[in-house]
>>> print(open('structure-v9.txt').read())   # compact mmCIF, C-alpha atoms
# COMPACT_ATOMS: atom_id res chain seq x y z
CA MET J 170 -1.30 -16.57 -6.49
CA LEU J 171 -1.42 -20.34 -6.11
CA ARG J 172 1.59 -22.61 -5.64
CA LYS J 173 1.29 -26.40 -5.49
CA TYR J 174 3.51 -28.91 -3.70
CA LEU J 175 3.62 -32.51 -2.58
CA ILE J 176 5.65 -34.61 -0.15
CA LEU J 177 8.15 -36.72 -2.09
CA GLY J 178 11.00 -38.59 -0.41
CA ASP J 179 10.43 -36.78 2.90
CA LYS J 180 10.84 -33.41 1.15
CA ILE J 181 8.54 -30.70 -0.18
CA VAL J 182 8.69 -30.41 -3.97
CA GLU J 183 6.62 -28.57 -6.54
CA ALA J 184 3.83 -30.70 -7.97
CA PRO J 185 1.71 -30.86 -11.12
CA ASP J 186 -1.99 -30.11 -10.79
CA GLY J 187 -3.23 -33.65 -10.27
CA ASP J 188 -0.73 -34.72 -7.61
CA ALA J 189 -0.72 -31.59 -5.45
CA LYS J 190 -1.41 -32.25 -1.77
CA ILE J 191 -0.23 -28.88 -0.47
CA LEU J 192 -1.85 -25.73 -1.84
CA VAL J 193 -0.31 -22.37 -0.96
CA PHE J 194 -2.43 -19.30 -1.69
CA VAL J 195 -0.54 -16.00 -1.49
CA ASN J 196 -2.93 -13.06 -1.05
CA PRO J 197 -5.72 -14.82 -2.95
CA ASP J 198 -7.83 -12.74 -5.31
CA GLU J 199 -11.62 -12.90 -5.59
CA ALA J 200 -11.58 -15.87 -7.97
CA GLU J 201 -9.27 -17.87 -5.69
CA ARG J 202 -11.35 -17.00 -2.63
CA LYS J 203 -14.50 -18.18 -4.41
CA TYR J 204 -12.68 -21.39 -5.35
CA LEU J 205 -11.72 -21.99 -1.71
CA LEU J 206 -15.22 -21.31 -0.45
CA ASP J 207 -16.98 -23.44 -3.08
CA GLU J 208 -14.53 -26.30 -3.61
CA PHE J 209 -13.22 -26.81 -0.07
CA GLU J 210 -16.14 -25.26 1.83
CA LEU J 211 -13.97 -23.02 3.97
CA ASP J 212 -15.69 -20.69 6.36
CA GLU J 213 -15.64 -17.17 4.91
CA HIS J 214 -14.97 -15.56 8.29
CA THR J 215 -12.03 -17.91 8.96
CA LEU J 216 -10.67 -17.24 5.47
CA ASN J 217 -10.78 -13.48 6.06
CA SER J 218 -9.21 -13.97 9.49
CA ALA J 219 -6.24 -15.73 7.88
CA LEU J 220 -5.49 -12.49 6.00
CA ASP J 221 -6.13 -10.16 8.95
CA PRO J 222 -2.86 -9.04 10.64
CA ASP J 223 -4.74 -8.24 13.87
CA GLU J 224 -6.34 -11.68 14.20
CA LEU J 225 -5.28 -13.80 17.18
CA SER J 226 -4.02 -17.36 16.84
CA ARG J 227 -6.72 -19.97 17.17
CA LEU J 228 -7.76 -23.55 16.39
CA GLU J 229 -11.17 -24.51 15.01
CA PHE J 230 -12.69 -27.86 14.02
CA GLU J 231 -14.92 -27.92 10.95
CA PRO J 232 -16.85 -30.95 9.60
CA GLU J 233 -14.30 -31.73 6.86
CA HIS J 234 -11.15 -29.98 8.01
CA ILE J 235 -9.21 -28.37 10.86
CA ALA J 236 -8.55 -24.60 10.69
CA ILE J 237 -5.48 -23.10 12.37
CA ILE J 238 -4.46 -19.45 12.38
CA TYR J 239 -1.05 -18.53 13.77
CA LYS J 240 1.10 -15.41 13.88
CA LYS J 241 4.30 -14.99 11.87
CA PRO J 242 6.79 -12.10 11.60
CA LYS J 243 6.59 -10.05 8.43
CA ASN J 244 9.77 -9.79 6.39
CA TYR J 245 11.41 -6.48 7.24
CA SER J 246 12.06 -3.83 4.60
CA SER J 247 13.63 -0.38 4.76
CA SER J 248 10.22 1.24 4.16
CA ASP J 249 9.05 -0.09 7.55
CA LYS J 250 11.35 2.43 9.33
CA PHE J 251 12.38 0.21 12.27
CA LEU J 252 8.84 -1.16 12.77
CA PHE J 253 8.83 -4.96 12.79
CA LYS J 254 5.33 -6.16 11.92
CA VAL J 255 3.48 -9.47 12.20
CA TYR J 256 0.79 -11.07 10.09
CA SER J 257 -1.53 -14.06 10.23
CA VAL J 258 -1.19 -17.36 8.38
CA GLY J 259 -4.07 -19.77 7.85
CA LEU J 260 -3.60 -23.56 7.80
CA PHE J 261 -6.52 -25.75 6.72
CA LEU J 262 -5.85 -29.45 7.24
CA PHE J 263 -7.97 -31.95 5.30
CA LYS J 264 -7.61 -35.71 5.15
CA GLU J 265 -5.60 -35.55 1.94
CA HIS J 266 -4.73 -31.86 1.58
CA LEU J 267 -3.15 -28.98 3.45
CA ILE J 268 -4.12 -25.47 2.37
CA VAL J 269 -1.86 -22.59 3.42
CA ILE J 270 -3.12 -19.01 3.11
CA LEU J 271 -0.83 -16.06 3.72
CA PRO J 272 -0.88 -12.37 2.70
CA ASP J 273 2.72 -11.97 1.49
CA ASN J 274 4.94 -13.95 -0.84
CA THR J 275 7.63 -15.53 1.32
CA LEU J 276 9.69 -18.71 1.50
CA LEU J 277 7.73 -21.21 3.53
CA PHE J 278 9.67 -24.45 3.18
CA ASP J 279 13.26 -23.23 3.44
CA GLY J 280 15.89 -24.62 5.80
CA LYS J 281 16.78 -28.03 7.15
CA LEU J 282 13.61 -28.06 9.26
CA PHE J 283 11.71 -29.27 6.19
CA ASN J 284 14.13 -32.01 5.13
CA ARG J 285 12.27 -34.88 6.81
CA ILE J 286 8.53 -34.44 6.40
CA THR J 287 6.51 -37.57 7.11
CA SER J 288 2.90 -36.33 6.92
CA LEU J 289 0.69 -33.30 6.51
CA GLN J 290 0.37 -33.05 10.31
CA ASP J 291 4.17 -33.04 10.56
CA LEU J 292 4.37 -30.26 7.98
CA LEU J 293 1.74 -28.24 9.85
CA LEU J 294 3.74 -28.38 13.08
CA ARG J 295 6.98 -27.51 11.31
CA LEU J 296 5.42 -24.42 9.77
CA ILE J 297 4.57 -23.19 13.27
CA TYR J 298 8.09 -24.16 14.41
CA ARG J 299 9.61 -22.17 11.54
CA SER J 300 7.70 -19.05 12.60
CA ILE J 301 9.31 -19.28 16.07
CA HIS J 302 12.77 -19.39 14.47
CA HIS J 303 11.75 -16.38 12.40
CA TYR J 304 10.87 -14.48 15.59
CA LEU J 305 14.24 -15.38 17.13
CA GLU J 306 16.08 -14.16 14.04
CA HIS J 307 14.23 -10.85 14.17
CA LEU J 308 14.91 -10.46 17.89
CA LYS J 309 18.65 -10.73 17.19
CA VAL J 310 18.33 -8.01 14.56
CA ILE J 311 16.31 -5.80 16.92
CA ASN J 312 18.98 -6.19 19.59
CA MET J 313 21.75 -5.24 17.13
CA VAL J 314 19.81 -2.21 15.89
CA SER J 315 19.09 -1.16 19.47
CA ASP J 316 22.79 -1.31 20.38
CA SER J 317 23.67 0.76 17.32
CA LEU J 318 21.08 3.41 18.16
CA GLU J 319 22.31 3.56 21.77
CA LYS J 320 25.83 4.43 20.59
CA LYS J 321 24.49 7.15 18.30
CA LEU J 322 22.38 8.63 21.09
CA ILE J 323 25.44 9.35 23.21
CA HIS J 324 26.49 12.21 20.93
CA ALA J 325 23.18 13.03 19.25
CA MET J 326 20.85 15.82 20.32
CA GLU J 327 18.01 15.39 17.81
CA ASN J 328 15.00 13.17 18.43
CA LYS J 329 15.46 10.91 15.38
CA TYR J 330 17.32 8.09 17.14
CA LEU J 331 15.09 8.30 20.20
CA LEU J 332 11.99 7.93 18.02
CA ASN J 333 13.58 4.91 16.33
CA LEU J 334 13.99 3.30 19.73
CA PHE J 335 10.34 3.99 20.53
CA THR J 336 9.43 2.23 17.28
CA LEU J 337 11.55 -0.80 18.23
CA GLU J 338 9.84 -0.92 21.61
CA LYS J 339 6.47 -0.84 19.86
CA SER J 340 7.59 -3.73 17.64
CA LEU J 341 8.50 -5.81 20.68
CA VAL J 342 5.04 -5.22 22.14
CA TYR J 343 3.53 -6.62 18.93
CA TYR J 344 5.92 -9.57 19.06
CA LEU J 345 5.09 -10.36 22.68
CA ASN J 346 1.38 -10.34 21.92
CA SER J 347 1.82 -12.57 18.86
CA ILE J 348 4.17 -15.06 20.54
CA ASN J 349 1.83 -15.33 23.49
CA SER J 350 -1.07 -15.92 21.10
CA ASN J 351 0.92 -18.71 19.42
CA SER J 352 1.59 -20.20 22.85
CA MET J 353 -2.15 -20.52 23.47
CA LEU J 354 -2.52 -22.18 20.08
CA ILE J 355 0.23 -24.71 20.83
CA GLU J 356 -1.46 -25.66 24.10
CA LYS J 357 -4.77 -26.11 22.33
CA ILE J 358 -3.15 -28.34 19.69
CA ARG J 359 -1.63 -30.45 22.48
CA HIS J 360 -5.02 -30.87 24.15
CA ASN J 361 -6.62 -31.91 20.85
CA ALA J 362 -3.80 -34.14 19.61
CA THR J 363 -6.16 -37.10 19.11
CA LYS J 364 -8.56 -35.13 16.91
CA ILE J 365 -5.69 -33.82 14.78
CA VAL J 366 -4.27 -37.39 14.55
CA LEU J 367 -0.81 -36.59 15.88
CA THR J 368 1.69 -39.43 16.23
CA GLN J 369 4.12 -39.89 19.10
CA GLU J 370 6.85 -38.21 17.02
CA ASN J 371 4.50 -35.31 16.35
CA LEU J 372 3.86 -34.93 20.08
CA GLU J 373 7.60 -34.89 20.79
CA LEU J 374 8.02 -32.21 18.14
CA LEU J 375 5.13 -30.29 19.68
CA ASP J 376 6.92 -30.36 23.06
CA ASP J 377 10.03 -28.90 21.39
CA ILE J 378 7.87 -26.22 19.78
CA ALA J 379 6.33 -25.30 23.14
CA ILE J 380 9.77 -25.00 24.76
CA GLU J 381 11.19 -22.91 21.91
CA ASN J 382 8.15 -20.63 21.91
CA SER J 383 8.45 -20.12 25.68
CA GLN J 384 12.14 -19.22 25.35
CA CYS J 385 11.32 -16.91 22.46
CA TYR J 386 8.71 -15.12 24.57
CA LYS J 387 11.11 -14.69 27.49
CA GLN J 388 13.81 -13.31 25.20
CA ALA J 389 11.40 -10.81 23.64
CA GLU J 390 10.22 -9.84 27.13
CA ILE J 391 13.80 -9.22 28.28
CA TYR J 392 14.54 -7.00 25.27
CA SER J 393 11.26 -5.13 25.80
CA ASN J 394 12.00 -4.53 29.49
CA ILE J 395 15.52 -3.31 28.72
CA LEU J 396 14.26 -0.84 26.13
CA ALA J 397 11.46 0.38 28.38
CA GLY J 398 13.72 0.70 31.43
CA LEU J 399 16.46 2.63 29.66
CA MET J 400 14.26 4.94 27.61
CA ASP J 401 14.21 7.61 30.34
CA ALA J 402 17.99 7.39 30.67
CA ARG J 403 18.39 7.87 26.93
CA ALA J 404 16.07 10.87 27.02
CA SER J 405 18.20 12.28 29.85
CA ILE J 406 21.32 11.83 27.72
CA VAL J 407 19.76 13.89 24.94
CA ASN J 408 18.81 16.61 27.44
CA ASN J 409 22.29 16.54 28.98
CA ASN J 410 23.89 16.92 25.53
CA LEU J 411 21.66 19.93 24.91
CA ASN J 412 22.62 21.45 28.27
CA ILE J 413 26.32 21.03 27.48
CA LEU J 414 25.80 22.76 24.14
CA MET J 415 23.94 25.64 25.78
CA LYS J 416 26.70 25.98 28.37
CA THR J 417 29.34 26.21 25.65
CA LEU J 418 27.33 28.81 23.76
CA ASN J 419 26.92 30.88 26.95
CA ILE J 420 30.68 30.81 27.58
CA ILE J 421 31.35 32.01 24.04
CA THR J 422 28.68 34.72 24.28
CA ILE J 423 29.87 36.10 27.63
CA SER J 424 33.51 35.91 26.52
CA ILE J 425 32.64 38.16 23.60
CA MET J 426 30.52 40.53 25.71
CA VAL J 427 33.30 41.32 28.23
CA PRO J 428 35.77 42.85 25.73
CA THR J 429 32.81 44.44 23.90
CA LEU J 430 31.90 46.22 27.15
CA VAL J 431 35.43 47.60 27.48
CA VAL J 432 35.50 48.86 23.91
CA SER J 433 32.01 50.37 24.29
CA ILE J 434 33.07 52.36 27.36
CA PHE J 435 36.00 53.89 25.54
CA SER J 436 33.77 54.68 22.56
CA MET J 437 31.57 57.18 24.45
CA ASN J 438 31.63 60.80 23.30
CA VAL J 439 32.89 62.21 26.63
CA PRO J 440 36.39 63.04 27.92
CA LEU J 441 38.13 59.79 28.93
CA PRO J 442 41.64 58.85 30.09
CA ILE J 443 44.17 58.30 27.28
CA SER J 444 41.75 59.91 24.78
CA GLN J 445 44.49 62.36 23.84
CA GLU J 446 46.97 59.60 23.05
CA ARG J 447 46.14 59.24 19.36
CA LEU J 448 48.84 56.70 18.49
CA SER J 449 48.74 54.31 21.46
CA SER J 450 45.14 54.62 22.71
CA PHE J 451 43.79 51.95 20.31
CA TRP J 452 46.32 49.34 21.38
CA ILE J 453 45.84 50.17 25.06
CA ILE J 454 42.07 49.60 24.73
CA MET J 455 42.65 46.31 22.87
CA LEU J 456 45.04 45.16 25.61
CA ILE J 457 42.52 46.02 28.34
CA ALA J 458 39.79 44.14 26.45
CA LEU J 459 42.07 41.08 26.05
CA LEU J 460 43.00 41.12 29.74
CA ALA J 461 39.32 41.39 30.68
CA MET J 462 38.49 38.33 28.58
CA VAL J 463 41.41 36.34 30.04
CA TRP J 464 40.35 37.30 33.56
CA PHE J 465 36.78 36.14 32.82
CA MET J 466 37.95 32.76 31.44
CA LEU J 467 40.16 32.17 34.51
CA PHE J 468 37.30 33.15 36.80
CA TRP J 469 34.93 30.73 34.96
CA LYS J 470 37.45 27.92 35.20
CA ARG J 471 38.13 28.54 38.90
CA LYS J 472 34.40 28.38 39.70
CA ARG J 473 34.10 25.17 37.58
CA TRP J 474 30.93 26.39 35.94
>>> encode(input="structure-v9.txt", output="C-alpha cells")
Amino acid sequence: MLRKYLILGDKIVEAPDGDAKILVFVNPDEAERKYLLDEFELDEHTLNSALDPDELSRLEFEPEHIAIIYKKPKNYSSSDKFLFKVYSVGLFLFKEHLIVILPDNTLLFDGKLFNRITSLQDLLLRLIYRSIHHYLEHLKVINMVSDSLEKKLIHAMENKYLLNLFTLEKSLVYYLNSINSNSMLIEKIRHNATKIVLTQENLELLDDIAIENSQCYKQAEIYSNILAGLMDARASIVNNNLNILMKTLNIITISIMVPTLVVSIFSMNVPLPISQERLSSFWIIMLIALLAMVWFMLFWKRKRW
C-alpha cells in the first residue's frame, strides 16, 4: 500500500500524485517492489532488509540516495500474549524525495513532534525520534504489566503468571538489542552529518535524540535487571504457596485418620471393652474419636508445625 505526503506549512499533509515528496510504502507487494527497484534504483538487499524484523540498524550511502534502517516497536495486540516485538523501518533519502518502507500499517506522523518540519532531513530525524518515544511508552506499559503480574503471583500456584513474566523479560532483551542498534545508527549519522546535509538545527535535534535514546536504553536495562533478579524470588513464592497447600492438606488428612483409627479399633470382631453396652457404646466411641482429634490438633499447634 502506498501513501503520499508533502511538507506544507511546516506540516505533513496528504498530497496528490504530482506533488508528493514523501512516499510511504506499507508492506509493499511485488508490483510496488519492482517499482522501487526500477524507478528509484534501490538496492534489492537493502529493500528486503527494511522488511526484515531481525535486521540491525544501519546507514548506507548509495550513488543517488542515502539508505537508513532503524528499529521501531511493533504495536502491541492481545494475540502477542505479553511479547512486545520490534520491526525494521527503511528510510531512503533522495535530493527531492523521502521513501519510507515499513511492514505494518501504523501512524507515522502523529503527535506534536511533526508540527514543525523544515526539510526532508528534519523529517528523517524526527521519525527516529518518534521511535524512541514509542519505546518509552511501551516500557511504561511493560512496567505496569509486570507490577500486576507480581501481585497475582503472591497468591497463585500455577505457572501461567510466571511464564508471562518470562515473556516480558524476553521482550526487554529484544528492546535492549534494538535500542542499542539505534544508538549505533545515531552515532553514524552524527559522523556523516555533512554527507547527509544536516543543518545546525538538525545537529541540535540529533543531540537530543542521542540523549533520549541513551536514557531509553538505561531505563530498559533497569527493568530487565529487575525482572531477571527477582525471577528466582517469584519462583520461590510459587513453591512456597505449594508447600503451604500441601501442609494444609496433610493436616486435614491426619486429622481424619486419627478418629478413623479409633473407630477401626472398636470395629474389630473380637471381645472389646464396652462392647456389651448396646445403647451407649456408639456415643462413647464417637467421643473418644473426637477427643483424639482435638488432642492431635493441640499437639500440632504446640509443635508449630
>>> atom_distance(input="structure-v9.txt", atom1="CA of Gly280 in chain J", atom2="CA of Leu267 in chain J")
19.7 Å
>>> closest_residue(input="structure-v9.txt", among="J:Ile191, J:Ala184, J:Ile425, J:Ile413", to="Phe261 in chain J", atoms="only C-alpha atoms")
J:Ile191
>>> residues_near_point(input="structure-v9.txt", point="(3.6, -22.3, 11.5)", cutoff="9 Å", atoms="only C-alpha atoms", output="number ranges by chain")
J: 238-241, 258-260, 292-301
>>> residues_near_point(input="structure-v9.txt", point="(10.0, 0.6, 12.4)", cutoff="8 Å", atoms="all atoms listed in the file", output="VMD selection string")
chain J and resid 249 to 253 333 336 to 337 340
>>> residues_around(input="structure-v9.txt", residues="range 219-222 of chain J", least_positions_apart="6", cutoff="8 Å", atoms="all atoms listed in the file", output="JSON, numbers by chain")
{"J": [196, 238, 255, 256, 257, 258, 259, 270, 271, 272]}
>>> residues_around(input="structure-v9.txt", residues="Asn371 in chain J", least_positions_apart="5", cutoff="12 Å", atoms="only C-alpha atoms", output="ChimeraX atom specification")
/J:286-295,298,358-359,362-363,365-366,376-378
>>> atom_distance(input="structure-v9.txt", atom1="CA of Val182 in chain J", atom2="CA of Leu262 in chain J")
18.4 Å
>>> closest_residue(input="structure-v9.txt", among="J:Val432, J:Val195, J:Ala389, J:Ile420", to="Leu277 in chain J", atoms="only C-alpha atoms")
J:Val195
>>> residues_around(input="structure-v9.txt", residues="Leu459 in chain J", least_positions_apart="6", cutoff="12 Å", atoms="only C-alpha atoms", output="PyMOL selection string")
chain J and resi 424-432+452-453+465-466
>>> atom_distance(input="structure-v9.txt", atom1="CA of Pro185 in chain J", atom2="CA of Asn284 in chain J")
20.5 Å
>>> axis_aligned_box(input="structure-v9.txt", around="range 334-338 of chain J", padding_each_side="3 Å", output="AutoDock Vina command-line options")
--center_x 11.7 --center_y 1.5 --center_z 19.4 --size_x 10.6 --size_y 10.9 --size_z 10.3
>>> closest_residue(input="structure-v9.txt", among="J:Phe335, J:Asn419, J:Lys264, J:Ile348", to="His302 in chain J", atoms="all atoms listed in the file")
J:Ile348
>>> closest_residue(input="structure-v9.txt", among="J:Tyr204, J:Phe468, J:Tyr330, J:Phe194", to="Val269 in chain J", atoms="all atoms listed in the file")
J:Phe194
>>> closest_residue(input="structure-v9.txt", among="J:Leu345, J:Phe435, J:Asn361, J:Thr368", to="Asn394 in chain J", atoms="only C-alpha atoms")
J:Leu345
>>> build_atoms(input="structure-v9.txt", residues="range 217-236 of chain J", atoms="N, CA and C atoms", output="PDB file, in the coordinates of the input")
ATOM      1  N   ASN J 217     -11.139 -14.901   5.902  1.00  0.00           N
ATOM      2  CA  ASN J 217     -10.780 -13.480   6.060  1.00  0.00           C
ATOM      3  C   ASN J 217      -9.854 -13.282   7.255  1.00  0.00           C
ATOM      4  N   SER J 218     -10.058 -14.090   8.298  1.00  0.00           N
ATOM      5  CA  SER J 218      -9.210 -13.970   9.490  1.00  0.00           C
ATOM      6  C   SER J 218      -7.768 -14.359   9.177  1.00  0.00           C
ATOM      7  N   ALA J 219      -7.590 -15.306   8.242  1.00  0.00           N
ATOM      8  CA  ALA J 219      -6.240 -15.730   7.880  1.00  0.00           C
ATOM      9  C   ALA J 219      -5.448 -14.618   7.196  1.00  0.00           C
ATOM     10  N   LEU J 220      -6.141 -13.611   6.679  1.00  0.00           N
ATOM     11  CA  LEU J 220      -5.490 -12.490   6.000  1.00  0.00           C
ATOM     12  C   LEU J 220      -5.526 -11.210   6.829  1.00  0.00           C
ATOM     13  N   ASP J 221      -6.025 -11.316   8.061  1.00  0.00           N
ATOM     14  CA  ASP J 221      -6.130 -10.160   8.950  1.00  0.00           C
ATOM     15  C   ASP J 221      -4.926 -10.114   9.883  1.00  0.00           C
ATOM     16  N   PRO J 222      -4.059  -9.090   9.791  1.00  0.00           N
ATOM     17  CA  PRO J 222      -2.860  -9.040  10.640  1.00  0.00           C
ATOM     18  C   PRO J 222      -3.165  -8.878  12.126  1.00  0.00           C
ATOM     19  N   ASP J 223      -4.374  -8.450  12.465  1.00  0.00           N
ATOM     20  CA  ASP J 223      -4.740  -8.240  13.870  1.00  0.00           C
ATOM     21  C   ASP J 223      -5.449  -9.450  14.480  1.00  0.00           C
ATOM     22  N   GLU J 224      -5.642 -10.496  13.699  1.00  0.00           N
ATOM     23  CA  GLU J 224      -6.340 -11.680  14.200  1.00  0.00           C
ATOM     24  C   GLU J 224      -5.439 -12.462  15.158  1.00  0.00           C
ATOM     25  N   LEU J 225      -6.024 -12.997  16.220  1.00  0.00           N
ATOM     26  CA  LEU J 225      -5.280 -13.800  17.180  1.00  0.00           C
ATOM     27  C   LEU J 225      -5.193 -15.250  16.703  1.00  0.00           C
ATOM     28  N   SER J 226      -4.182 -15.941  17.184  1.00  0.00           N
ATOM     29  CA  SER J 226      -4.020 -17.360  16.840  1.00  0.00           C
ATOM     30  C   SER J 226      -5.171 -18.167  17.430  1.00  0.00           C
ATOM     31  N   ARG J 227      -5.619 -19.147  16.652  1.00  0.00           N
ATOM     32  CA  ARG J 227      -6.720 -19.970  17.170  1.00  0.00           C
ATOM     33  C   ARG J 227      -6.792 -21.294  16.403  1.00  0.00           C
ATOM     34  N   LEU J 228      -7.546 -22.216  16.963  1.00  0.00           N
ATOM     35  CA  LEU J 228      -7.760 -23.550  16.390  1.00  0.00           C
ATOM     36  C   LEU J 228      -9.259 -23.815  16.346  1.00  0.00           C
ATOM     37  N   GLU J 229      -9.758 -24.232  15.171  1.00  0.00           N
ATOM     38  CA  GLU J 229     -11.170 -24.510  15.010  1.00  0.00           C
ATOM     39  C   GLU J 229     -11.354 -25.845  14.278  1.00  0.00           C
ATOM     40  N   PHE J 230     -12.384 -26.577  14.652  1.00  0.00           N
ATOM     41  CA  PHE J 230     -12.690 -27.860  14.020  1.00  0.00           C
ATOM     42  C   PHE J 230     -13.958 -27.712  13.183  1.00  0.00           C
ATOM     43  N   GLU J 231     -13.801 -27.938  11.887  1.00  0.00           N
ATOM     44  CA  GLU J 231     -14.920 -27.920  10.950  1.00  0.00           C
ATOM     45  C   GLU J 231     -15.274 -29.360  10.574  1.00  0.00           C
ATOM     46  N   PRO J 232     -16.444 -29.576   9.936  1.00  0.00           N
ATOM     47  CA  PRO J 232     -16.850 -30.950   9.600  1.00  0.00           C
ATOM     48  C   PRO J 232     -15.832 -31.709   8.747  1.00  0.00           C
ATOM     49  N   GLU J 233     -15.193 -31.031   7.780  1.00  0.00           N
ATOM     50  CA  GLU J 233     -14.300 -31.730   6.860  1.00  0.00           C
ATOM     51  C   GLU J 233     -12.828 -31.346   7.016  1.00  0.00           C
ATOM     52  N   HIS J 234     -12.541 -30.413   7.894  1.00  0.00           N
ATOM     53  CA  HIS J 234     -11.150 -29.980   8.010  1.00  0.00           C
ATOM     54  C   HIS J 234     -10.921 -29.326   9.371  1.00  0.00           C
ATOM     55  N   ILE J 235      -9.632 -29.070   9.638  1.00  0.00           N
ATOM     56  CA  ILE J 235      -9.210 -28.370  10.860  1.00  0.00           C
ATOM     57  C   ILE J 235      -8.600 -27.033  10.435  1.00  0.00           C
ATOM     58  N   ALA J 236      -9.051 -25.940  11.029  1.00  0.00           N
ATOM     59  CA  ALA J 236      -8.550 -24.600  10.690  1.00  0.00           C
ATOM     60  C   ALA J 236      -7.647 -24.090  11.806  1.00  0.00           C
TER      61      ALA J 236
END
